[in-house]
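coords.txt (compact mmCIF, C-alpha atoms)
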# COMPACT_ATOMS: atom_id res chain seq x y z
CA MET A 9 90.65 75.31 112.30
CA LEU A 10 91.23 77.19 109.07
CA ASP A 11 94.17 76.38 106.81
CA ALA A 12 95.29 79.98 106.37
CA GLN A 13 98.23 79.06 104.16
CA ALA A 14 95.90 77.31 101.73
CA LEU A 15 93.43 80.19 101.87
CA LYS A 16 96.13 82.61 100.73
CA GLY A 17 95.76 80.99 97.32
CA ASP A 18 92.22 82.42 97.10
CA PHE A 19 93.57 85.98 97.30
CA PRO A 20 95.31 87.27 94.15
CA ILE A 21 97.01 90.07 96.07
CA PHE A 22 99.51 87.61 97.54
CA ALA A 23 100.46 86.04 94.22
CA ASN A 24 100.93 89.54 92.81
CA ASN A 25 102.98 90.71 95.81
CA PRO A 26 105.30 87.82 96.72
CA GLY A 27 106.56 87.99 100.28
CA LEU A 28 103.88 90.41 101.46
CA VAL A 29 102.85 90.06 105.11
CA PHE A 30 99.58 91.96 105.27
CA LEU A 31 98.63 92.86 108.86
CA ASP A 32 96.21 95.72 108.28
CA SER A 33 92.88 93.98 107.76
CA ALA A 34 91.25 96.07 110.51
CA ALA A 35 91.62 99.01 108.11
CA SER A 36 90.61 97.10 104.96
CA SER A 37 90.83 93.41 104.20
CA GLN A 38 92.06 91.78 101.01
CA LYS A 39 89.58 90.32 98.50
CA PRO A 40 89.20 86.68 97.49
CA ARG A 41 88.95 85.75 93.84
CA ALA A 42 85.26 84.84 94.35
CA VAL A 43 84.44 88.46 95.18
CA ILE A 44 86.46 89.91 92.32
CA GLU A 45 84.86 87.49 89.87
CA ALA A 46 81.34 88.22 91.13
CA ILE A 47 81.85 91.92 90.41
CA SER A 48 83.40 91.26 86.98
CA ARG A 49 80.64 88.80 86.08
CA TYR A 50 77.97 91.38 86.88
CA TYR A 51 79.63 94.04 84.72
CA GLU A 52 80.34 91.62 81.88
CA HIS A 53 76.95 89.89 81.79
CA ASP A 54 74.22 91.60 83.81
CA HIS A 55 74.81 95.33 84.22
CA ALA A 56 71.73 97.55 84.14
CA ASN A 57 69.97 99.79 86.61
CA VAL A 58 67.86 97.99 89.20
CA HIS A 59 64.19 98.14 90.23
CA ARG A 60 63.27 100.19 87.15
CA GLY A 61 63.68 98.39 83.85
CA ALA A 62 60.98 96.20 82.34
CA TYR A 63 63.53 94.22 80.34
CA ALA A 64 65.48 91.04 81.01
CA LEU A 65 68.88 92.61 81.71
CA SER A 66 67.46 94.95 84.34
CA GLU A 67 65.52 92.11 85.89
CA ARG A 68 68.72 90.03 86.15
CA ALA A 69 70.57 92.96 87.73
CA THR A 70 67.74 93.49 90.20
CA GLU A 71 67.73 89.82 91.13
CA ALA A 72 71.50 89.84 91.67
CA TYR A 73 71.23 92.95 93.86
CA GLU A 74 68.38 91.53 95.94
CA THR A 75 70.22 88.20 96.21
CA ALA A 76 73.06 90.13 97.86
CA ARG A 77 70.55 91.52 100.36
CA ARG A 78 69.39 87.99 101.17
CA GLN A 79 73.01 86.85 101.52
CA MET A 80 73.72 89.62 104.03
CA ALA A 81 70.53 88.77 105.89
CA ARG A 82 71.69 85.16 106.26
CA PHE A 83 75.13 86.34 107.35
CA LEU A 84 73.63 88.44 110.15
CA GLY A 85 70.77 86.14 111.08
CA ALA A 86 68.27 88.78 109.93
CA GLN A 87 65.42 89.23 107.47
CA PRO A 88 66.06 90.78 104.03
CA ASP A 89 63.75 93.74 104.66
CA GLU A 90 65.91 94.67 107.67
CA ILE A 91 69.03 95.09 105.48
CA VAL A 92 69.76 98.58 104.16
CA PHE A 93 72.68 98.92 101.75
CA VAL A 94 74.93 101.90 102.41
CA ARG A 95 78.52 102.80 101.48
CA ASN A 96 80.10 101.79 104.79
CA ALA A 97 79.58 101.72 108.55
CA THR A 98 80.22 105.47 108.72
CA GLU A 99 77.26 106.17 106.45
CA ALA A 100 75.12 103.69 108.38
CA LEU A 101 75.88 105.45 111.68
CA ASN A 102 75.25 108.89 110.17
CA LEU A 103 71.96 107.67 108.73
CA THR A 104 70.88 106.48 112.17
CA ALA A 105 72.06 109.60 113.98
CA TYR A 106 70.36 112.05 111.67
CA ALA A 107 67.21 110.18 110.72
CA TRP A 108 66.42 109.13 114.29
CA GLY A 109 68.14 111.85 116.26
CA LEU A 110 66.67 114.91 114.56
CA GLU A 111 63.21 113.54 115.25
CA HIS A 112 63.72 112.41 118.83
CA LEU A 113 66.55 114.22 120.63
CA ARG A 114 65.92 117.36 122.65
CA SER A 115 67.85 119.63 125.00
CA GLY A 116 68.63 117.83 128.23
CA ASP A 117 68.71 114.38 126.62
CA GLU A 118 71.87 112.32 126.93
CA ILE A 119 73.79 110.31 124.34
CA LEU A 120 75.88 107.62 126.03
CA LEU A 121 78.91 106.39 124.08
CA THR A 122 82.23 104.82 125.12
CA GLU A 123 85.82 106.02 125.18
CA MET A 124 86.84 103.24 122.79
CA GLU A 125 84.63 104.38 119.90
CA HIS A 126 85.90 104.93 116.38
CA HIS A 127 85.32 108.51 115.25
CA ALA A 128 82.49 107.25 113.04
CA ASN A 129 80.47 106.53 116.19
CA LEU A 130 81.47 109.80 117.85
CA VAL A 131 81.42 112.64 115.32
CA PRO A 132 77.85 112.11 113.98
CA TRP A 133 76.52 112.21 117.55
CA GLN A 134 78.58 115.32 118.31
CA LEU A 135 77.10 117.09 115.28
CA LEU A 136 73.64 115.98 116.34
CA ALA A 137 74.18 117.07 119.96
CA ARG A 138 75.05 120.58 118.77
CA ARG A 139 71.82 120.82 116.82
CA SER A 140 69.57 119.24 119.43
CA GLY A 141 71.08 120.46 122.71
CA ALA A 142 71.64 116.89 123.88
CA ARG A 143 74.69 116.05 126.01
CA ILE A 144 77.29 113.40 125.21
CA ARG A 145 78.76 111.18 127.93
CA ALA A 146 81.32 108.41 127.46
CA VAL A 147 81.81 105.21 129.46
CA PRO A 148 85.53 104.87 130.34
CA PHE A 149 87.55 101.71 130.03
CA THR A 150 89.75 100.11 132.64
CA LYS A 151 93.54 99.88 132.60
CA GLU A 152 93.12 96.30 131.29
CA GLY A 153 91.26 97.66 128.26
CA ARG A 154 87.69 96.62 129.09
CA LEU A 155 84.65 98.83 129.50
CA ASP A 156 84.08 99.90 133.10
CA LEU A 157 80.76 98.18 133.75
CA ASP A 158 80.24 99.91 137.09
CA ALA A 159 80.67 103.27 135.39
CA PHE A 160 78.22 102.21 132.69
CA ALA A 161 75.60 101.30 135.29
CA ALA A 162 76.05 104.65 137.01
CA MET A 163 75.96 106.68 133.80
CA LEU A 164 72.89 104.99 132.34
CA THR A 165 69.92 107.08 133.48
CA ASP A 166 66.38 107.93 132.45
CA ARG A 167 67.88 110.81 130.45
CA THR A 168 69.83 108.40 128.25
CA ARG A 169 68.09 108.40 124.87
CA VAL A 170 70.84 106.72 122.84
CA PHE A 171 73.51 104.20 123.74
CA GLY A 172 76.15 103.70 121.05
CA LEU A 173 79.02 101.24 121.36
CA THR A 174 81.51 99.30 119.32
CA GLN A 175 81.17 95.55 119.27
CA MET A 176 84.94 95.15 118.96
CA SER A 177 87.55 97.87 119.45
CA ASN A 178 89.70 98.56 116.39
CA VAL A 179 92.67 99.38 118.68
CA LEU A 180 92.39 97.22 121.79
CA GLY A 181 90.62 94.27 120.17
CA THR A 182 88.22 94.24 123.12
CA VAL A 183 84.94 92.45 122.40
CA ASN A 184 82.28 94.19 124.44
CA PRO A 185 79.35 92.36 126.08
CA VAL A 186 76.89 94.00 123.71
CA ALA A 187 73.81 91.92 124.51
CA GLU A 188 74.11 92.54 128.27
CA LEU A 189 74.74 96.29 127.94
CA ALA A 190 72.11 96.74 125.25
CA ALA A 191 69.46 95.00 127.33
CA ALA A 192 70.14 97.36 130.23
CA ALA A 193 70.02 100.40 127.96
CA ARG A 194 66.76 99.38 126.30
CA GLU A 195 65.17 98.79 129.70
CA ARG A 196 65.79 102.49 130.31
CA GLY A 197 64.16 103.33 127.01
CA ALA A 198 67.36 104.11 125.11
CA LEU A 199 67.96 103.40 121.44
CA VAL A 200 70.94 101.03 121.04
CA VAL A 201 73.29 101.52 118.08
CA VAL A 202 76.16 99.06 117.55
CA ASP A 203 79.24 99.72 115.44
CA GLY A 204 79.95 96.28 114.02
CA ALA A 205 82.69 97.33 111.60
CA GLN A 206 85.23 95.14 113.42
CA GLY A 207 82.80 92.63 114.90
CA ALA A 208 81.05 91.48 111.73
CA PRO A 209 84.23 90.34 109.91
CA HIS A 210 85.41 88.20 112.82
CA LEU A 211 82.58 87.18 115.14
CA PRO A 212 79.59 84.91 114.57
CA VAL A 213 76.88 87.60 114.62
CA ARG A 214 73.17 87.04 115.13
CA VAL A 215 71.72 90.52 115.35
CA SER A 216 68.49 89.28 116.90
CA GLU A 217 70.51 88.14 119.93
CA LEU A 218 72.27 91.46 120.52
CA ASN A 219 69.27 93.36 121.95
CA ALA A 220 70.20 96.24 119.66
CA ASP A 221 68.09 98.49 117.47
CA PHE A 222 70.69 99.16 114.78
CA TYR A 223 73.91 97.47 113.68
CA ALA A 224 76.39 98.96 111.19
CA LEU A 225 79.11 97.24 109.16
CA SER A 226 81.58 97.97 106.35
CA GLY A 227 81.91 95.43 103.56
CA HIS A 228 85.54 96.20 102.78
CA LYS A 229 86.62 94.96 106.23
CA MET A 230 84.96 91.57 105.66
CA LEU A 231 86.55 90.60 102.31
CA GLY A 232 84.07 92.66 100.28
CA PRO A 233 84.69 95.67 98.04
CA THR A 234 84.86 99.28 99.13
CA GLY A 235 81.66 101.27 98.69
CA ALA A 236 79.25 98.70 100.14
CA GLY A 237 78.12 98.38 103.75
CA VAL A 238 75.00 97.52 105.68
CA LEU A 239 72.76 99.09 108.25
CA TRP A 240 70.66 96.44 109.95
CA GLY A 241 67.68 97.70 111.88
CA ARG A 242 64.91 96.03 113.82
CA ARG A 243 61.85 96.14 111.60
CA GLU A 244 60.01 98.40 114.06
CA ALA A 245 63.01 100.71 114.42
CA LEU A 246 63.42 101.09 110.66
CA ALA A 247 59.73 101.76 110.20
CA ASP A 248 60.05 104.64 112.69
CA LEU A 249 62.84 106.33 110.71
CA PRO A 250 62.17 109.11 108.19
CA PRO A 251 64.34 109.16 105.05
CA PHE A 252 67.96 110.22 105.32
CA LEU A 253 68.38 111.06 101.62
CA GLY A 254 65.70 111.99 99.11
CA GLY A 255 65.48 111.10 95.43
CA GLY A 256 64.47 108.31 93.13
CA ASN A 257 63.74 104.74 94.19
CA MET A 258 62.79 105.63 97.79
CA ILE A 259 59.33 107.02 97.07
CA GLU A 260 55.79 105.81 96.56
CA GLU A 261 54.36 109.02 95.08
CA VAL A 262 55.72 112.50 94.40
CA THR A 263 53.84 115.73 93.71
CA ILE A 264 55.31 119.21 93.50
CA GLU A 265 54.34 119.88 97.12
CA ARG A 266 54.99 116.60 98.89
CA SER A 267 56.03 112.95 98.68
CA SER A 268 55.15 109.67 100.29
CA TYR A 269 57.92 107.18 100.90
CA ALA A 270 58.55 103.53 100.21
CA PRO A 271 58.76 101.13 103.15
CA PRO A 272 62.18 100.06 104.47
CA PRO A 273 64.70 99.18 103.21
CA GLN A 274 64.03 101.03 99.91
CA ARG A 275 63.16 104.19 101.87
CA PHE A 276 66.86 104.56 102.73
CA GLU A 277 68.37 103.68 99.34
CA ALA A 278 67.80 106.84 97.31
CA GLY A 279 69.14 106.97 93.78
CA THR A 280 71.07 104.34 91.87
CA PRO A 281 72.77 102.13 94.47
CA ALA A 282 76.25 100.64 94.38
CA ILE A 283 74.97 97.56 92.56
CA ALA A 284 78.25 95.84 91.74
CA GLU A 285 79.65 96.56 95.19
CA ALA A 286 76.60 95.07 96.90
CA ILE A 287 76.91 91.96 94.73
CA GLY A 288 80.57 91.69 95.72
CA LEU A 289 79.62 92.04 99.38
CA GLY A 290 77.10 89.25 99.02
CA ALA A 291 79.84 87.05 97.54
CA ALA A 292 82.11 87.92 100.49
CA ALA A 293 79.36 86.94 102.92
CA ASP A 294 78.97 83.59 101.14
CA TYR A 295 82.74 83.02 101.26
CA LEU A 296 82.86 83.68 105.01
CA MET A 297 79.78 81.57 105.71
CA ALA A 298 81.39 78.69 103.81
CA LEU A 299 84.45 79.00 106.07
CA GLY A 300 82.19 79.20 109.13
CA MET A 301 82.36 82.29 111.31
CA GLU A 302 83.04 80.14 114.37
CA ASN A 303 86.16 78.89 112.56
CA VAL A 304 87.14 82.44 111.60
CA TRP A 305 86.88 83.53 115.23
CA GLU A 306 88.81 80.48 116.45
CA HIS A 307 91.57 81.21 113.94
CA ASP A 308 91.76 84.87 115.00
CA ARG A 309 91.94 83.93 118.66
CA ALA A 310 94.67 81.32 118.14
CA LEU A 311 96.78 83.69 116.06
CA LEU A 312 96.29 86.50 118.58
CA GLU A 313 97.44 84.37 121.51
CA TYR A 314 100.47 83.20 119.56
CA ALA A 315 101.32 86.78 118.61
CA LEU A 316 101.01 88.09 122.17
CA GLU A 317 103.25 85.28 123.39
CA ARG A 318 105.93 85.91 120.77
CA LEU A 319 105.82 89.71 120.89
CA ALA A 320 106.43 89.63 124.63
CA GLU A 321 110.02 88.70 123.69
CA VAL A 322 110.71 92.14 122.21
CA PRO A 323 112.28 94.50 124.76
CA ASP A 324 110.69 97.96 125.06
CA LEU A 325 107.57 96.84 123.20
CA HIS A 326 104.45 98.12 124.94
CA LEU A 327 101.27 96.21 124.08
CA TYR A 328 97.74 97.56 124.58
CA GLY A 329 94.51 95.68 125.20
CA PRO A 330 93.15 92.96 127.48
CA ARG A 331 94.23 89.35 127.80
CA GLY A 332 91.43 86.81 127.68
CA GLU A 333 88.68 85.33 125.56
CA ASP A 334 87.06 88.74 125.02
CA ARG A 335 89.66 89.97 122.54
CA GLY A 336 89.91 89.67 118.78
CA GLY A 337 92.90 89.59 116.46
CA VAL A 338 94.15 93.16 116.88
CA VAL A 339 97.48 94.08 118.50
CA ALA A 340 98.30 97.75 119.05
CA PHE A 341 101.78 98.57 120.31
CA ASN A 342 104.56 101.12 120.67
CA LEU A 343 108.29 100.44 120.63
CA GLY A 344 110.08 102.57 123.21
CA SER A 345 109.91 106.26 122.30
CA LEU A 346 109.97 105.54 118.56
CA HIS A 347 107.19 107.26 116.63
CA PRO A 348 104.69 104.71 115.27
CA HIS A 349 105.05 106.12 111.73
CA ASP A 350 108.81 105.51 111.80
CA LEU A 351 108.23 102.03 113.13
CA ALA A 352 105.65 101.23 110.45
CA SER A 353 108.02 102.46 107.75
CA ALA A 354 110.78 100.21 109.10
CA LEU A 355 108.43 97.21 109.12
CA ASP A 356 107.38 98.01 105.57
CA GLN A 357 111.01 97.74 104.48
CA ALA A 358 110.84 94.15 105.74
CA GLY A 359 107.65 93.49 103.75
CA VAL A 360 105.35 93.71 106.78
CA ALA A 361 102.34 96.04 106.39
CA VAL A 362 100.90 97.43 109.65
CA ARG A 363 98.86 100.51 110.48
CA SER A 364 100.21 103.52 112.39
CA GLY A 365 98.51 106.59 113.82
CA HIS A 366 95.51 107.12 116.08
CA HIS A 367 93.33 104.73 114.01
CA CYS A 368 90.40 107.19 114.11
CA ALA A 369 90.26 106.69 117.89
CA GLN A 370 91.87 109.76 119.42
CA PRO A 371 89.90 109.70 122.71
CA LEU A 372 91.00 106.09 123.22
CA HIS A 373 94.64 106.99 122.70
CA ARG A 374 94.36 109.94 125.08
CA ARG A 375 93.02 107.52 127.67
CA LEU A 376 96.09 105.33 127.05
CA GLY A 377 98.33 108.37 127.44
CA VAL A 378 99.83 108.18 123.94
CA ALA A 379 99.24 110.15 120.76
CA ALA A 380 99.36 107.15 118.44
CA SER A 381 100.28 103.50 118.10
CA ALA A 382 101.24 100.90 115.54
CA ARG A 383 98.71 98.15 114.93
CA ALA A 384 98.88 94.64 113.53
CA SER A 385 95.55 93.03 112.72
CA PHE A 386 94.95 89.45 111.60
CA TYR A 387 92.46 87.73 109.34
CA VAL A 388 91.72 84.43 107.65
CA TYR A 389 94.80 84.55 105.37
CA ASN A 390 97.33 85.23 108.15
CA THR A 391 99.60 82.51 109.52
CA ARG A 392 102.06 81.92 112.32
CA GLU A 393 104.79 82.57 109.77
CA ASP A 394 103.37 86.07 109.34
CA VAL A 395 103.67 86.59 113.09
CA GLU A 396 107.28 85.40 112.97
CA ARG A 397 108.03 87.87 110.16
CA LEU A 398 106.52 90.64 112.29
CA LEU A 399 108.58 89.55 115.28
CA GLN A 400 111.84 89.55 113.34
CA ALA A 401 111.07 92.91 111.73
CA LEU A 402 110.38 94.43 115.16
CA LYS A 403 113.65 93.11 116.52
CA GLU A 404 115.53 94.50 113.52
CA ALA A 405 113.80 97.88 113.91
CA ARG A 406 114.75 97.99 117.59
CA ARG A 407 118.40 97.34 116.73
CA PHE A 408 118.39 99.94 113.95
CA PHE A 409 116.71 102.65 116.06
CA ALA A 410 118.46 101.79 119.32
CA SER A 411 120.24 105.15 119.54
CA TRP A 412 116.97 107.04 118.92
CA MET A 413 114.91 105.36 121.64
Could you render the structure from this file as structure tokens?
Amino acid sequence: MLDAQALKGDFPIFANNPGLVFLDSAASSQKPRAVIEAISRYYEHDHANVHRGAYALSERATEAYETARRQMARFLGAQPDEIVFVRNATEALNLTAYAWGLEHLRSGDEILLTEMEHHANLVPWQLLARRSGARIRAVPFTKEGRLDLDAFAAMLTDRTRVFGLTQMSNVLGTVNPVAELAAAARERGALVVVDGAQGAPHLPVRVSELNADFYALSGHKMLGPTGAGVLWGRREALADLPPFLGGGNMIEEVTIERSSYAPPPQRFEAGTPAIAEAIGLGAAADYLMALGMENVWEHDRALLEYALERLAEVPDLHLYGPRGEDRGGVVAFNLGSLHPHDLASALDQAGVAVRSGHHCAQPLHRRLGVAASARASFYVYNTREDVERLLQALKEARRFFASWM
């Protein structure tokens, strides 16, 4: 088990904000000193453009950047040439949708998604469907908060060209059986695209075991900086993709009339990349690997179960999501008829930071029958004491707003 209280000392945000209970890591996690120092060290000692300079400083910058690629490959159980650096999971999913979809989707084809997707794994496919004439279908989830596997089996047909799903819901915390569903989809000839924005920070991930073609993640949700994410692709799948952006660094030869392109991953990294951010992400991956992702997951699960047990004591608190081993450290809830924004503001007055709104998952909330929810999400630096602070703040909010509910 992790010693979360001791780990708090690795995160300057807590020393600089005494008393802060940060329960919004599903939106963006805090950064350990090792990540901050890796970025500062690069700017102070090694900054230059990469892949271009025939001088020592540029060579050091290039080595640091490519080291980050190798670190992310180890983190995902992949090969370095399968790691494409992007800004975030949203960009990774857009890259996949446009680069693959514009080449392969036609009228009458079907894109199969799920009702628990983040907008980042919905909107790009909607835009693509409009241009290609393809149809979008969505696998529903059950009242317990799990994907309806019978519905999935019925909706997966020979017309299904793409199957996109989240590894872990950012609202319900549900961990989907990706490998099983992906295997079924690929048997039908569908491309499988996994949104790992919530999965990668919390689960031990070996992409080769997921049966997927592409896997997207955001660095800022896994202790890394904003502006750096990863698209992993099977080597064969990446080789089949045309460029998403054109410019320098992604070419082999350019004439006025035409260009030939570099092999993956450089083909998809046009222009000067986010060098410092990638280096910071590599440092975050090393930090998490040193903790052990099995330990991270065990910590999340233990804290989740404790939170669900304690929060059940709050009258009028409605909790969403399944109970069981297939759920990560996310708790979405509503308190009576109180608007989630008002509830989040009240919790903030007690020093407890939670998210409120639809969490970029409006179809999911419609399925739940609510417009929005409040959400507490846990990570390596959260403790049982944080849960107790949340519990007390919720009870105080209920007393304060009693006449409004």
Within 7 Å of A:Gly153 using all atoms listed in the file, minus same-chain residues under 4 positions, as a PDB file with C-alpha atoms, in the coordinates of the input:
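Final output, saved to selection.pdb:
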ATOM      1  CA  PHE A 149      87.550 101.710 130.030  1.00  0.00           C
ATOM      2  CA  LEU A 180      92.390  97.220 121.790  1.00  0.00           C
ATOM      3  CA  THR A 182      88.220  94.240 123.120  1.00  0.00           C
ATOM      4  CA  GLY A 329      94.510  95.680 125.200  1.00  0.00           C
ATOM      5  CA  PRO A 330      93.150  92.960 127.480  1.00  0.00           C
TER       6      PRO A 330
END
Do you have, as a tab-separated table, the list of residues of stretch 231-340 of chain A lying at most 12 Å from stretch 189-201 of chain A, each with its nearest atom pair and that distance in Å to one decimal, counting all atoms listed in the file and ordered by chain then number?
residue	atom	partner	partner_atom	distance
A:Leu239	CA	A:Val201	CA	10.1
A:Trp240	CA	A:Val201	CA	9.9
A:Gly241	CA	A:Val201	CA	9.2
A:Arg242	CA	A:Val200	CA	10.7
A:Glu244	CA	A:Leu199	CA	11.9
A:Ala245	CA	A:Leu199	CA	9.0
A:Leu246	CA	A:Leu199	CA	11.9
A:Asp248	CA	A:Leu199	CA	11.9
At what distance in Å, to one decimal, does atom CA of A:Asn25 lie from atom CA of A:Gly207?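 For atom CA of A:Gly207 relative to atom CA of A:Asn25, the distance reads 27.8 Å.
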Between atom CA of A:Glu306 and atom CA of A:Leu10, measure the distance and give it in Å to one decimal.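 Those two atoms sit 8.4 Å apart.
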Between A:Phe83, A:Trp108, A:Tyr328, A:Tyr73, which is the closest to A:Ala247 once you count all atoms listed in the file?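 Once distances to A:Ala247 are computed over all atoms listed in the file, the minimum belongs to A:Trp108.
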Excluding A:Gly288 and residues on its chain fewer than 5 positions from it, collect all residues at most 12 Å away from it, counting all atoms listed in the file, and give them as a VMD selection string. chain A and resid 39 to 51 72 to 73 75 to 77 79 to 80 227 to 228 230 to 237 282 to 283 293 to 295
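Residue nearest A:Val339 within the list A:Leu355, A:Leu136, A:Ala298, A:Leu311: A:Leu311 [criterion: smallest interatomic distance, only C-alpha atoms].
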Would you pick out the contacts of A:Arg139 at 12 Å or less, using all atoms listed in the file, so that residues sharing its chain but fewer than 5 positions from it are not included, and give the list as a ChimeraX atom specification? /A:105-106,109-115,132-134
Could you tell me, as a PDB file with C-alpha atoms, in the frame of the given file, which residues have any atom at most 10 Å from (85.4, 105.3, 113.0), counting all atoms listed in the file?
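Output (part04.pdb):
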ATOM      1  CA  ALA A  97      79.580 101.720 108.550  1.00  0.00           C
ATOM      2  CA  THR A  98      80.220 105.470 108.720  1.00  0.00           C
ATOM      3  CA  LEU A 101      75.880 105.450 111.680  1.00  0.00           C
ATOM      4  CA  GLU A 125      84.630 104.380 119.900  1.00  0.00           C
ATOM      5  CA  HIS A 126      85.900 104.930 116.380  1.00  0.00           C
ATOM      6  CA  HIS A 127      85.320 108.510 115.250  1.00  0.00           C
ATOM      7  CA  ALA A 128      82.490 107.250 113.040  1.00  0.00           C
ATOM      8  CA  ASN A 129      80.470 106.530 116.190  1.00  0.00           C
ATOM      9  CA  LEU A 130      81.470 109.800 117.850  1.00  0.00           C
ATOM     10  CA  VAL A 131      81.420 112.640 115.320  1.00  0.00           C
ATOM     11  CA  THR A 174      81.510  99.300 119.320  1.00  0.00           C
ATOM     12  CA  ASN A 178      89.700  98.560 116.390  1.00  0.00           C
ATOM     13  CA  ASP A 203      79.240  99.720 115.440  1.00  0.00           C
ATOM     14  CA  ALA A 205      82.690  97.330 111.600  1.00  0.00           C
ATOM     15  CA  HIS A 367      93.330 104.730 114.010  1.00  0.00           C
ATOM     16  CA  CYS A 368      90.400 107.190 114.110  1.00  0.00           C
ATOM     17  CA  ALA A 369      90.260 106.690 117.890  1.00  0.00           C
TER      18      ALA A 369
END
I'd like the interatomic distance between atom CA of A:Asp308 and atom CA of A:Tyr223, to a tenth of an Å.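 Taking atom CA of A:Asp308 as the start and atom CA of A:Tyr223 as the end point, the length is 21.9 Å.
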Take the point (89.9, 79.4, 126.5) as written in the file and pick out every residue within 12 Å of it, counting only C-alpha atoms; give the list as an MDAnalysis selection string. chainID A and resid 306 309:310 313 331:335
I need the residue nearest A:Arg169 from this list: A:Leu351, A:Asn184, A:Glu118, A:Leu249. Use only C-alpha atoms for the distance.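 The closest residue to A:Arg169 is A:Glu118.
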Please identify all polymer residues within 12 Å of A:Glu321, counting all atoms listed in the file, omitting same-chain residues fewer than 3 positions from it, and present them as a PyMOL selection string. chain A and resi 314-318+324-327+396+399-400+402-403
Restricting the calculation to all atoms listed in the file, which member of A:Phe386, A:Gly85, A:Glu285, A:Thr280 is positioned closest to A:Leu218?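 The closest residue to A:Leu218 is A:Gly85.
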